[in-house]
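Visitor: Provided herewith is a single structure, encoded as structure tokens, for subsequent inquiry.
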Amino acid sequence: MLKITNLHASIDDKEILKSFNIEVKPGEIHAIMGPNGTGKSTLANVITGRDSYDISEGSIIFKGEEILELSPDERARLGIFLAFQYPVEIPGVSTTNFMKAAINERRKHQGLDPMKAAEFLKLMKEKMALVEIDQKFMSRSLNEGFSGGEKKRNEIFQMAMLEPSLAILDETDSGLDIDALKIVSKGVNQLRNKDNAFIVITHYQRLLDYIVPDFVHVMYDGRIVKSGNKDLAKELEARGYDWIKEELGV
Amino acid sequence: MIVSDNKYKDQFTLLNKKENSLEAKAFARFEKMGLPTRKSEVYRYSNLSYFKNLSPSINGNIPHKIPEYFSHDYLKEKNVLVTINGIFSESLSTYEEEENGIYISCMCDARKEFRDIVESHYNETSKDYPDAFSEMNTAFAQCGIFIYAKKNALAKKPILILHLGYAQAEASLACQRNLIVLEENSKLEIIEDYLNLDEEKTFNINHFSEYFLKANSDLRINIYQEEENNFHFIGNKFFELDRDSRLKLSALNFDGKFVRNNFRVNLNGENAEATLNGIFINENEDHTDSRILVKHNAPNCQSFQTFKGILNHQSTAVFNGKVYVAEGAQKTNAYQSNKNILLSEEAVINTKPELEIYANDVKCSHGATCGQLDENAIFYAESRGIPREKAKKLIVFAFAQEVVQAIDNEDFKNFIERRLVHQLDLAEYSTYESVQSGIKE
């Protein structure tokens, strides 16, 4: 589904991703862990298409297509979704309107008519229940005045609405209490199927008790330096990252 | 600057006013002041050269026939007052509020029928801050609208004032003059809408309205100004608020070639409250100038100002909002905010929020911002599949919502929302209401 090869990305002439490689197949969950400042969020932004990065080398093939030249909205409509580390507040736009715009934009590109109001409403209610969001949030301004946990649940709600093929969760667990974490994880697990895939970026092994990954990668200095299964996350939890640096000889 | 051009003098002579009349005195003051130049602080960022070529109209040139116009049917219930080139047209107006204690007439009739009311209020607001355009207006005042709400009067329906421009004489300026008096406990709602019916001629107005809100009265005013390239407007609206009275004003400006709104509010009695909101959306070479002065002259009064600007292309705008708290006006609560979005490199906003405080126990806050659209918000929307241009428009739409949602006439609010959707070309996203109301069920 996703194949990133030899990707180099920099911002303000500072190289953040240095020959990054990964392959994600349908049905898989990949966890990416690593110390701060190793390029995890950059990776999420670059896959999603944020244009503040310079890509000097490499390729990102998604569903067989090179997507580096595509705009973020085109990538989104192909099925890429980013759950933001810091969801943006947009005063004046309700979550309902925002989702309606997103869904109908996608339908337009699929040659479909806008979704009927009743159908849209039903879908909203169904997905809200999934992440246990109160309906009153839907008519409130997007993320405005939401708590950290509410914002993250709103991200998973949006993911559920858009049903992406590839969802990247950028530290969705950071700042979540255990109850919210369980709700978010439940949402992800219910959406998981053999045709979609997840990249879960996290600092904490705790999340991976609830969203069980097929692969765990350690990212350091802009690339993956070690990969394993879920046990690697446990080992990182127990031993920290220093032993990996030692293995790398840095 | 002394008015060197004799055209004003010649015009004024034709009016045959008595030497000691209010008009003659105003004209003398106007002559002395002259049209403001950019050296004048209050007109510093507005180029008035266009107005220098205009002469005040002196003969009520109401055309005999006006073209049929798209009637503004966004209000389900309304009284309609029509002015043409600044002059009240009784025959085109339809209203029925007399039984509710609201009297409406042209100013000329009011001078006879409501002589005491007119004499004790007319031109009383313009004393402490001399302004060339309001003096010019007083000197050349045309027969505008008089509205008088008796004690305890409640208007059943909003009063829609349609200001129409049609076949205005070349290079002339209509000095429209209105007087609105609300007695104790009365309540009025006014919507003012400007429309130029003439495709060829410009519509130039020097508008001056005076409003008196007696104890515990309530006035709502919504002003809608939209004209592509042929609307030049200088407006002075001066308000005097007695104790416990409430004023709520919203000014919505779309695409005015030159629009200056000067709102001055005197809070003269305790617990009076004024809310002034506005949006200006400028494109191409539009220019809007919003000048607000709220004077807290008595304790325990509140005032709120929220103005938002959206500027594209080479358009320009000025915002100057001032809150003045007089000595002794303790427990004043004043808020003022002007936020602007610049959508192009060339657009310019000059914003200057001011506070002048002579009391020591007050709560005043003010602020102004101007910036581009938030790239984080744009990217957030893009990442959900919304194309960049649409995302920007959605955010601009959202930006305006604070002011739009504060409009308390539902019909008018919906109209402005639709207008905004149209302006931003967001029609395909605009079936929101049904969904939102559905969610609440």
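Within each chain, counting starts at residue 1; across the structure tokens, chains are named A, B, ... in the order shown, with ligands numbered 1 upward in that order.
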Up to 10 Å from chain B, what residues of chain A turn up? Count only C-alpha atoms and give them as a PyMOL selection string.
Guide: chain A and resi 45+48-51+71-84+86-106+109+114+116-118+120-122+124-125+135-136+138-141+158-159+162+164
Visitor: Please provide as a ChimeraX atom specification all residues within 7 Å of stretch 183-197 of chain B, with the sequence filter that same-chain residues fewer than 4 positions apart are discarded (counting only C-alpha atoms).
Guide: /B:149-155,158-166,203,213-227
Visitor: Generate a file of the selected residues that holds C-alpha atoms, formatted as a short mmCIF file (atom, residue, chain, number, x, y, z; two decimals), in the first residue's frame.
Guide:
```cif
data_model
loop_
_atom_site.label_atom_id
_atom_site.label_comp_id
_atom_site.auth_asym_id
_atom_site.auth_seq_id
_atom_site.Cartn_x
_atom_site.Cartn_y
_atom_site.Cartn_z
CA ALA B 149 -41.37 56.02 19.15
CA LYS B 150 -43.70 57.11 21.94
CA LYS B 151 -43.22 56.04 25.53
CA ASN B 152 -43.68 52.24 25.83
CA ALA B 153 -44.10 51.89 22.06
CA LEU B 154 -43.13 48.58 20.56
CA ALA B 155 -42.83 48.25 16.81
CA PRO B 158 -38.71 45.70 11.80
CA ILE B 159 -38.36 48.86 9.77
CA LEU B 160 -36.48 48.24 6.57
CA ILE B 161 -35.05 51.40 5.09
CA LEU B 162 -34.14 50.98 1.45
CA HIS B 163 -31.77 53.68 0.34
CA LEU B 164 -32.04 53.69 -3.40
CA GLY B 165 -29.91 55.58 -5.82
CA TYR B 166 -31.28 56.39 -9.25
CA PHE B 203 -24.66 56.96 -6.01
CA LEU B 213 -32.49 56.60 23.18
CA LYS B 214 -34.41 57.62 26.28
CA ALA B 215 -34.44 55.63 29.51
CA ASN B 216 -34.68 51.87 29.07
CA SER B 217 -35.34 52.08 25.35
CA ASP B 218 -33.93 49.57 22.91
CA LEU B 219 -32.66 50.13 19.39
CA ARG B 220 -31.29 47.53 17.00
CA ILE B 221 -29.78 48.65 13.73
CA ASN B 222 -28.42 46.47 11.00
CA ILE B 223 -26.74 48.18 8.09
CA TYR B 224 -26.07 46.39 4.85
CA GLN B 225 -23.95 48.13 2.27
CA GLU B 226 -23.06 46.49 -0.95
CA GLU B 227 -22.34 48.10 -4.24
#
```
Visitor: Find the residue from B:Asn137, B:Thr202, B:Thr351, B:Ser91 that sits nearest to B:Pro56; use only C-alpha atoms when measuring.
Guide: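 Ranked by minimum distance to B:Pro56, first place goes to B:Asn137.
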Visitor: Taking 4 positions as the minimum chain separation for residues in the same chain, which residues sit within 8 Å of A:Gly187 when counting only C-alpha atoms? Answer as a VMD selection string.
Guide: chain A and resid 130 to 131 156 160 183 191
Visitor: Store the residues picked out above in a file with N, CA and C atoms, as a short mmCIF file (atom, residue, chain, number, x, y, z; two decimals), in the first residue's frame.
Guide:
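And here is the file that came out, part.cif:
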```cif
data_model
loop_
_atom_site.label_atom_id
_atom_site.label_comp_id
_atom_site.auth_asym_id
_atom_site.auth_seq_id
_atom_site.Cartn_x
_atom_site.Cartn_y
_atom_site.Cartn_z
N LEU A 130 -19.06 5.56 18.11
CA LEU A 130 -17.84 4.76 18.11
C LEU A 130 -16.77 5.34 19.04
N VAL A 131 -16.62 6.66 19.04
CA VAL A 131 -15.60 7.26 19.89
C VAL A 131 -16.21 7.97 21.10
N ILE A 156 -10.08 10.88 15.79
CA ILE A 156 -10.45 9.49 15.47
C ILE A 156 -11.85 9.44 14.86
N ALA A 160 -12.86 7.93 11.32
CA ALA A 160 -13.95 6.98 11.14
C ALA A 160 -14.90 7.43 10.03
N ILE A 183 -10.78 4.52 24.74
CA ILE A 183 -11.82 4.88 23.75
C ILE A 183 -11.20 5.04 22.36
N LEU A 191 -12.08 0.00 13.44
CA LEU A 191 -11.94 0.42 12.04
C LEU A 191 -10.95 -0.46 11.29
#
```
Visitor: Quick one: distance from atom CA of A:Ile60 to atom CA of A:Thr38 in Å, one decimal?
Guide: 19.2 Å
Visitor: For stretch 238-319 of chain B against stretch 28-44 of chain B, with a cut-off of 10 Å and counting only C-alpha atoms, what is the closest atom pair and its distance in Å to one decimal for every residue that makes the cut, ordered by chain and number, as a tab-separated table?
Guide:
```
residue	atom	partner	partner_atom	distance
B:Arg260	CA	B:Tyr43	CA	9.6
B:Asn262	CA	B:Val42	CA	9.9
B:Asp289	CA	B:Tyr43	CA	8.7
B:Arg291	CA	B:Val42	CA	8.1
B:Val318	CA	B:Arg44	CA	9.3
```
Visitor: Need the shell around A:Arg192: protein/DNA/RNA residues with any atom at most 10 Å away, counting only C-alpha atoms. Skip same-chain ones fewer than 3 positions apart. Format as a ChimeraX atom specification?
Guide: /A:27-29,163,165,186-189,195-198,211
Visitor: Write out as an MDAnalysis selection string all residues of stretch 11-138 of chain A that backbone DSSP assigns to strand (DSSP E).
Guide: chainID A and resid 11 14:24 29:33 54:62 65:66 80:83 90:94
Visitor: In Å, rounded to a single decimal, give me how far atom CA of B:Ile58 is from atom CA of B:Lys18.
Guide: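 Computed distance, atom CA of B:Lys18 to atom CA of B:Ile58, equals 15.7 Å.
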Visitor: Interatomic distance between atom CA of B:Ile407 and atom CA of B:Gly278?
Guide: 10.1 Å
